file input12.pdb (PDB, C-alpha atoms)
ATOM      1  CA  MET A   1      -3.005 -27.179  28.406  1.00  0.00           C
ATOM      2  CA  LYS A   2      -4.696 -23.911  27.583  1.00  0.00           C
ATOM      3  CA  VAL A   3      -3.665 -20.425  28.631  1.00  0.00           C
ATOM      4  CA  ASP A   4      -6.392 -17.984  29.646  1.00  0.00           C
ATOM      5  CA  LEU A   5      -6.072 -14.225  29.430  1.00  0.00           C
ATOM      6  CA  LYS A   6      -6.952 -12.435  32.669  1.00  0.00           C
ATOM      7  CA  GLY A   7      -9.561 -10.236  31.016  1.00  0.00           C
ATOM      8  CA  ASP A   8     -10.469  -8.340  34.188  1.00  0.00           C
ATOM      9  CA  THR A   9      -6.835  -7.314  34.673  1.00  0.00           C
ATOM     10  CA  VAL A  10      -6.601  -6.015  31.104  1.00  0.00           C
ATOM     11  CA  GLU A  11      -9.912  -4.164  31.352  1.00  0.00           C
ATOM     12  CA  ARG A  12      -8.890  -2.480  34.639  1.00  0.00           C
ATOM     13  CA  TYR A  13      -5.586  -1.462  33.038  1.00  0.00           C
ATOM     14  CA  LEU A  14      -7.399   0.107  30.072  1.00  0.00           C
ATOM     15  CA  ALA A  15      -9.856   1.945  32.327  1.00  0.00           C
ATOM     16  CA  ARG A  16      -7.074   3.359  34.507  1.00  0.00           C
ATOM     17  CA  ARG A  17      -5.217   4.597  31.436  1.00  0.00           C
ATOM     18  CA  ASN A  18      -8.397   5.892  29.761  1.00  0.00           C
ATOM     19  CA  LYS A  19      -7.814   3.588  26.760  1.00  0.00           C
ATOM     20  CA  SER A  20     -10.441   1.678  24.818  1.00  0.00           C
ATOM     21  CA  LYS A  21     -10.581  -1.952  23.781  1.00  0.00           C
ATOM     22  CA  SER A  22     -10.408  -0.702  20.184  1.00  0.00           C
ATOM     23  CA  TRP A  23      -7.124   1.051  21.016  1.00  0.00           C
ATOM     24  CA  LEU A  24      -5.713  -2.212  22.352  1.00  0.00           C
ATOM     25  CA  ALA A  25      -7.026  -4.289  19.443  1.00  0.00           C
ATOM     26  CA  LEU A  26      -5.406  -1.909  16.960  1.00  0.00           C
ATOM     27  CA  ARG A  27      -2.029  -2.175  18.692  1.00  0.00           C
ATOM     28  CA  LEU A  28      -2.301  -5.958  18.862  1.00  0.00           C
ATOM     29  CA  GLY A  29      -3.249  -6.147  15.179  1.00  0.00           C
ATOM     30  CA  ILE A  30      -6.511  -7.984  15.831  1.00  0.00           C
ATOM     31  CA  SER A  31     -10.204  -7.208  15.518  1.00  0.00           C
ATOM     32  CA  SER A  32     -12.193  -5.825  18.429  1.00  0.00           C
ATOM     33  CA  GLY A  33     -14.393  -8.920  18.242  1.00  0.00           C
ATOM     34  CA  TYR A  34     -11.445 -11.275  18.644  1.00  0.00           C
ATOM     35  CA  LEU A  35     -10.149  -9.176  21.547  1.00  0.00           C
ATOM     36  CA  SER A  36     -13.564  -9.415  23.232  1.00  0.00           C
ATOM     37  CA  GLN A  37     -13.456 -13.197  22.877  1.00  0.00           C
ATOM     38  CA  LEU A  38     -10.007 -13.279  24.462  1.00  0.00           C
ATOM     39  CA  LEU A  39     -11.122 -11.004  27.304  1.00  0.00           C
ATOM     40  CA  ASP A  40     -14.229 -13.047  28.127  1.00  0.00           C
ATOM     41  CA  GLY A  41     -12.419 -16.381  27.872  1.00  0.00           C
ATOM     42  CA  THR A  42     -14.231 -17.878  24.899  1.00  0.00           C
ATOM     43  CA  ARG A  43     -10.937 -17.911  22.960  1.00  0.00           C
ATOM     44  CA  HIS A  44      -7.413 -18.623  24.160  1.00  0.00           C
ATOM     45  CA  PRO A  45      -4.422 -16.554  23.039  1.00  0.00           C
ATOM     46  CA  SER A  46      -1.784 -18.318  20.954  1.00  0.00           C
ATOM     47  CA  PRO A  47       1.872 -18.114  22.031  1.00  0.00           C
ATOM     48  CA  ARG A  48       2.412 -15.360  19.448  1.00  0.00           C
ATOM     49  CA  MET A  49      -0.616 -13.413  20.716  1.00  0.00           C
ATOM     50  CA  ARG A  50       0.623 -13.739  24.305  1.00  0.00           C
ATOM     51  CA  ASP A  51       3.944 -12.234  23.200  1.00  0.00           C
ATOM     52  CA  LYS A  52       2.087  -9.348  21.545  1.00  0.00           C
ATOM     53  CA  PHE A  53       0.151  -8.638  24.742  1.00  0.00           C
ATOM     54  CA  LEU A  54       3.403  -8.498  26.683  1.00  0.00           C
ATOM     55  CA  GLU A  55       4.910  -6.111  24.090  1.00  0.00           C
ATOM     56  CA  VAL A  56       1.897  -3.788  24.013  1.00  0.00           C
ATOM     57  CA  LEU A  57       1.383  -3.858  27.794  1.00  0.00           C
ATOM     58  CA  PRO A  58       4.982  -3.675  29.076  1.00  0.00           C
ATOM     59  CA  ASP A  59       3.897  -2.935  32.667  1.00  0.00           C
ATOM     60  CA  PHE A  60       2.956  -6.614  33.044  1.00  0.00           C
ATOM     61  CA  GLU A  61       4.751  -9.926  33.429  1.00  0.00           C
ATOM     62  CA  PHE A  62       3.373 -13.174  31.997  1.00  0.00           C
ATOM     63  CA  ASP A  63       1.764 -14.258  35.288  1.00  0.00           C
ATOM     64  CA  ASP A  64       0.025 -10.882  35.626  1.00  0.00           C
ATOM     65  CA  LEU A  65      -1.870 -11.361  32.354  1.00  0.00           C
ATOM     66  CA  PHE A  66      -2.289 -15.107  31.921  1.00  0.00           C
ATOM     67  CA  ASP A  67      -3.499 -18.175  33.823  1.00  0.00           C
ATOM     68  CA  LEU A  68      -2.454 -21.701  32.963  1.00  0.00           C
ATOM     69  CA  ASN A  69      -5.574 -23.822  32.600  1.00  0.00           C
ATOM     70  CA  GLN A  70      -4.606 -27.456  33.063  1.00  0.00           C
ATOM     71  CA  LYS A  71      -8.120 -28.921  32.830  1.00  0.00           C
ATOM     72  CA  GLU A  72      -8.286 -31.756  30.346  1.00  0.00           C
ATOM     73  CA  ARG A  73     -11.382 -32.686  28.442  1.00  0.00           C
ATOM     74  CA  ALA A  74     -12.911 -36.046  29.298  1.00  0.00           C
TER      75      ALA A  74
END

call {"tool": "encode", "arguments": {"input": "input12.pdb", "output": "structure tokens"}}
result
Amino acid sequence: MKVDLKGDTVERYLARRNKSKSWLALRLGISSGYLSQLLDGTRHPSPRMRDKFLEVLPDFEFDDLFDLNQKERA
């Protein structure tokens, strides 16, 4: 099972707070490129990265930021 980041939710949050993706990447300790991959769904956040998102964005609960993707590959 994979966990997907709700990129649109994060991007709306940043826009409302007048924060950049670079600001978020710096606080998460990751590159802007990796953050972009997480936001567009080409990469999936690890359990540790999910914890970091919840620390950096304390206004959110797990279900606000992440979707459980239960699709299995054939």

call {"tool": "resolve_selection", "arguments": {"input": "input12.pdb", "expression": "the PyMOL selection byres ((chain A and resi 6) around 10)", "output": "PyMOL selection string"}}
result
chain A and resi 3-5+7-11+38-41+63-67

call {"tool": "resolve_selection", "arguments": {"input": "input12.pdb", "expression": "the PyMOL selection byres ((chain A and resi 50) around 10)", "output": "PDB file with C-alpha atoms, keeping the file's coordinate frame"}}
result
ATOM      1  CA  VAL A   3      -3.665 -20.425  28.631  1.00  0.00           C
ATOM      2  CA  ASP A   4      -6.392 -17.984  29.646  1.00  0.00           C
ATOM      3  CA  LEU A   5      -6.072 -14.225  29.430  1.00  0.00           C
ATOM      4  CA  LEU A  28      -2.301  -5.958  18.862  1.00  0.00           C
ATOM      5  CA  HIS A  44      -7.413 -18.623  24.160  1.00  0.00           C
ATOM      6  CA  PRO A  45      -4.422 -16.554  23.039  1.00  0.00           C
ATOM      7  CA  SER A  46      -1.784 -18.318  20.954  1.00  0.00           C
ATOM      8  CA  PRO A  47       1.872 -18.114  22.031  1.00  0.00           C
ATOM      9  CA  ARG A  48       2.412 -15.360  19.448  1.00  0.00           C
ATOM     10  CA  MET A  49      -0.616 -13.413  20.716  1.00  0.00           C
ATOM     11  CA  ASP A  51       3.944 -12.234  23.200  1.00  0.00           C
ATOM     12  CA  LYS A  52       2.087  -9.348  21.545  1.00  0.00           C
ATOM     13  CA  PHE A  53       0.151  -8.638  24.742  1.00  0.00           C
ATOM     14  CA  LEU A  54       3.403  -8.498  26.683  1.00  0.00           C
ATOM     15  CA  GLU A  55       4.910  -6.111  24.090  1.00  0.00           C
ATOM     16  CA  PHE A  62       3.373 -13.174  31.997  1.00  0.00           C
ATOM     17  CA  LEU A  65      -1.870 -11.361  32.354  1.00  0.00           C
ATOM     18  CA  PHE A  66      -2.289 -15.107  31.921  1.00  0.00           C
TER      19      PHE A  66
END

call {"tool": "axis_aligned_box", "arguments": {"input": "input12.pdb", "around": "range 4-16 of chain A", "padding_each_side": "6 Å", "output": "lines of an AutoDock Vina configuration file"}}
result
center_x = -8.0
center_y = -7.3
center_z = 32.1
size_x = 16.9
size_y = 33.3
size_z = 17.2

call {"tool": "closest_residue", "arguments": {"input": "input12.pdb", "among": "A:Lys2, A:Lys21, A:Arg16, A:Arg27", "to": "Val56 in chain A", "atoms": "all atoms listed in the file"}}
result
A:Arg27

call {"tool": "atom_distance", "arguments": {"input": "input12.pdb", "atom1": "CA of Phe60 in chain A", "atom2": "CA of Leu26 in chain A"}}
result
18.7 Å

call {"tool": "atom_distance", "arguments": {"input": "input12.pdb", "atom1": "CA of Leu35 in chain A", "atom2": "CA of Ser22 in chain A"}}
result
8.6 Å

call {"tool": "atom_distance", "arguments": {"input": "input12.pdb", "atom1": "CA of Asp59 in chain A", "atom2": "CA of Arg12 in chain A"}}
result
12.9 Å

call {"tool": "closest_residue", "arguments": {"input": "input12.pdb", "among": "A:Asn69, A:Ile30, A:Gln37, A:Tyr13", "to": "Leu57 in chain A", "atoms": "only C-alpha atoms"}}
result
A:Tyr13

call {"tool": "build_atoms", "arguments": {"input": "input12.pdb", "residues": "range 14-50 of chain A", "atoms": "N, CA and C atoms", "output": "mmCIF file, in the coordinates of the input"}}
result
data_model
loop_
_atom_site.group_PDB
_atom_site.id
_atom_site.type_symbol
_atom_site.label_atom_id
_atom_site.label_comp_id
_atom_site.auth_asym_id
_atom_site.auth_seq_id
_atom_site.Cartn_x
_atom_site.Cartn_y
_atom_site.Cartn_z
ATOM 1 N N LEU A 14 -6.899 -0.823 31.097
ATOM 2 C CA LEU A 14 -7.399 0.107 30.072
ATOM 3 C C LEU A 14 -8.194 1.243 30.710
ATOM 4 N N ALA A 15 -9.032 0.921 31.672
ATOM 5 C CA ALA A 15 -9.856 1.945 32.327
ATOM 6 C C ALA A 15 -8.980 2.956 33.069
ATOM 7 N N ARG A 16 -7.966 2.457 33.756
ATOM 8 C CA ARG A 16 -7.074 3.359 34.507
ATOM 9 C C ARG A 16 -6.283 4.279 33.587
ATOM 10 N N ARG A 17 -6.005 3.825 32.395
ATOM 11 C CA ARG A 17 -5.217 4.597 31.436
ATOM 12 C C ARG A 17 -6.100 5.366 30.447
ATOM 13 N N ASN A 18 -7.433 5.245 30.641
ATOM 14 C CA ASN A 18 -8.397 5.892 29.761
ATOM 15 C C ASN A 18 -8.195 5.469 28.305
ATOM 16 N N LYS A 19 -7.986 4.163 28.103
ATOM 17 C CA LYS A 19 -7.814 3.588 26.760
ATOM 18 C C LYS A 19 -8.985 2.663 26.476
ATOM 19 N N SER A 20 -9.325 2.528 25.212
ATOM 20 C CA SER A 20 -10.441 1.678 24.818
ATOM 21 C C SER A 20 -9.952 0.295 24.376
ATOM 22 N N LYS A 21 -10.898 -0.625 24.307
ATOM 23 C CA LYS A 21 -10.581 -1.952 23.781
ATOM 24 C C LYS A 21 -10.178 -1.846 22.307
ATOM 25 N N SER A 22 -10.778 -0.908 21.591
ATOM 26 C CA SER A 22 -10.408 -0.702 20.184
ATOM 27 C C SER A 22 -8.959 -0.245 20.066
ATOM 28 N N TRP A 23 -8.517 0.602 20.979
ATOM 29 C CA TRP A 23 -7.124 1.051 21.016
ATOM 30 C C TRP A 23 -6.195 -0.149 21.169
ATOM 31 N N LEU A 24 -6.536 -1.035 22.109
ATOM 32 C CA LEU A 24 -5.713 -2.212 22.352
ATOM 33 C C LEU A 24 -5.736 -3.156 21.152
ATOM 34 N N ALA A 25 -6.910 -3.393 20.593
ATOM 35 C CA ALA A 25 -7.026 -4.289 19.443
ATOM 36 C C ALA A 25 -6.176 -3.785 18.276
ATOM 37 N N LEU A 26 -6.199 -2.496 18.043
ATOM 38 C CA LEU A 26 -5.406 -1.909 16.960
ATOM 39 C C LEU A 26 -3.913 -2.162 17.184
ATOM 40 N N ARG A 27 -3.446 -1.962 18.395
ATOM 41 C CA ARG A 27 -2.029 -2.175 18.692
ATOM 42 C C ARG A 27 -1.624 -3.645 18.646
ATOM 43 N N LEU A 28 -2.578 -4.528 18.942
ATOM 44 C CA LEU A 28 -2.301 -5.958 18.862
ATOM 45 C C LEU A 28 -2.416 -6.491 17.434
ATOM 46 N N GLY A 29 -3.059 -5.708 16.557
ATOM 47 C CA GLY A 29 -3.249 -6.147 15.179
ATOM 48 C C GLY A 29 -4.357 -7.167 15.017
ATOM 49 N N ILE A 30 -5.377 -7.061 15.884
ATOM 50 C CA ILE A 30 -6.511 -7.984 15.831
ATOM 51 C C ILE A 30 -7.808 -7.188 15.809
ATOM 52 N N SER A 31 -8.907 -7.879 15.522
ATOM 53 C CA SER A 31 -10.204 -7.208 15.518
ATOM 54 C C SER A 31 -10.707 -7.018 16.947
ATOM 55 N N SER A 32 -11.585 -6.062 17.117
ATOM 56 C CA SER A 32 -12.193 -5.825 18.429
ATOM 57 C C SER A 32 -13.001 -7.038 18.875
ATOM 58 N N GLY A 33 -13.618 -7.717 17.917
ATOM 59 C CA GLY A 33 -14.393 -8.920 18.242
ATOM 60 C C GLY A 33 -13.519 -10.036 18.795
ATOM 61 N N TYR A 34 -12.371 -10.244 18.167
ATOM 62 C CA TYR A 34 -11.445 -11.275 18.644
ATOM 63 C C TYR A 34 -10.915 -10.894 20.028
ATOM 64 N N LEU A 35 -10.604 -9.625 20.235
ATOM 65 C CA LEU A 35 -10.149 -9.176 21.547
ATOM 66 C C LEU A 35 -11.221 -9.444 22.597
ATOM 67 N N SER A 36 -12.473 -9.166 22.289
ATOM 68 C CA SER A 36 -13.564 -9.415 23.232
ATOM 69 C C SER A 36 -13.642 -10.892 23.592
ATOM 70 N N GLN A 37 -13.442 -11.759 22.603
ATOM 71 C CA GLN A 37 -13.456 -13.197 22.877
ATOM 72 C C GLN A 37 -12.299 -13.606 23.782
ATOM 73 N N LEU A 38 -11.149 -13.001 23.587
ATOM 74 C CA LEU A 38 -10.007 -13.279 24.462
ATOM 75 C C LEU A 38 -10.279 -12.792 25.882
ATOM 76 N N LEU A 39 -10.850 -11.594 25.995
ATOM 77 C CA LEU A 39 -11.122 -11.004 27.304
ATOM 78 C C LEU A 39 -12.168 -11.787 28.090
ATOM 79 N N ASP A 40 -13.181 -12.315 27.397
ATOM 80 C CA ASP A 40 -14.229 -13.047 28.127
ATOM 81 C C ASP A 40 -13.951 -14.547 28.244
ATOM 82 N N GLY A 41 -12.832 -14.997 27.692
ATOM 83 C CA GLY A 41 -12.419 -16.381 27.872
ATOM 84 C C GLY A 41 -12.989 -17.385 26.903
ATOM 85 N N THR A 42 -13.705 -16.929 25.878
ATOM 86 C CA THR A 42 -14.231 -17.878 24.899
ATOM 87 C C THR A 42 -13.170 -18.318 23.893
ATOM 88 N N ARG A 43 -12.098 -17.544 23.792
ATOM 89 C CA ARG A 43 -10.937 -17.911 22.960
ATOM 90 C C ARG A 43 -9.688 -17.833 23.829
ATOM 91 N N HIS A 44 -8.674 -18.588 23.429
ATOM 92 C CA HIS A 44 -7.413 -18.623 24.160
ATOM 93 C C HIS A 44 -6.308 -18.039 23.284
ATOM 94 N N PRO A 45 -5.475 -17.176 23.842
ATOM 95 C CA PRO A 45 -4.422 -16.554 23.039
ATOM 96 C C PRO A 45 -3.319 -17.557 22.665
ATOM 97 N N SER A 46 -2.888 -17.487 21.427
ATOM 98 C CA SER A 46 -1.784 -18.318 20.954
ATOM 99 C C SER A 46 -0.487 -17.814 21.588
ATOM 100 N N PRO A 47 0.584 -18.602 21.508
ATOM 101 C CA PRO A 47 1.872 -18.114 22.031
ATOM 102 C C PRO A 47 2.279 -16.775 21.411
ATOM 103 N N ARG A 48 2.066 -16.621 20.116
ATOM 104 C CA ARG A 48 2.412 -15.360 19.448
ATOM 105 C C ARG A 48 1.564 -14.194 19.982
ATOM 106 N N MET A 49 0.269 -14.457 20.195
ATOM 107 C CA MET A 49 -0.616 -13.413 20.716
ATOM 108 C C MET A 49 -0.234 -13.055 22.154
ATOM 109 N N ARG A 50 0.173 -14.036 22.937
ATOM 110 C CA ARG A 50 0.623 -13.739 24.305
ATOM 111 C C ARG A 50 1.849 -12.833 24.273
#
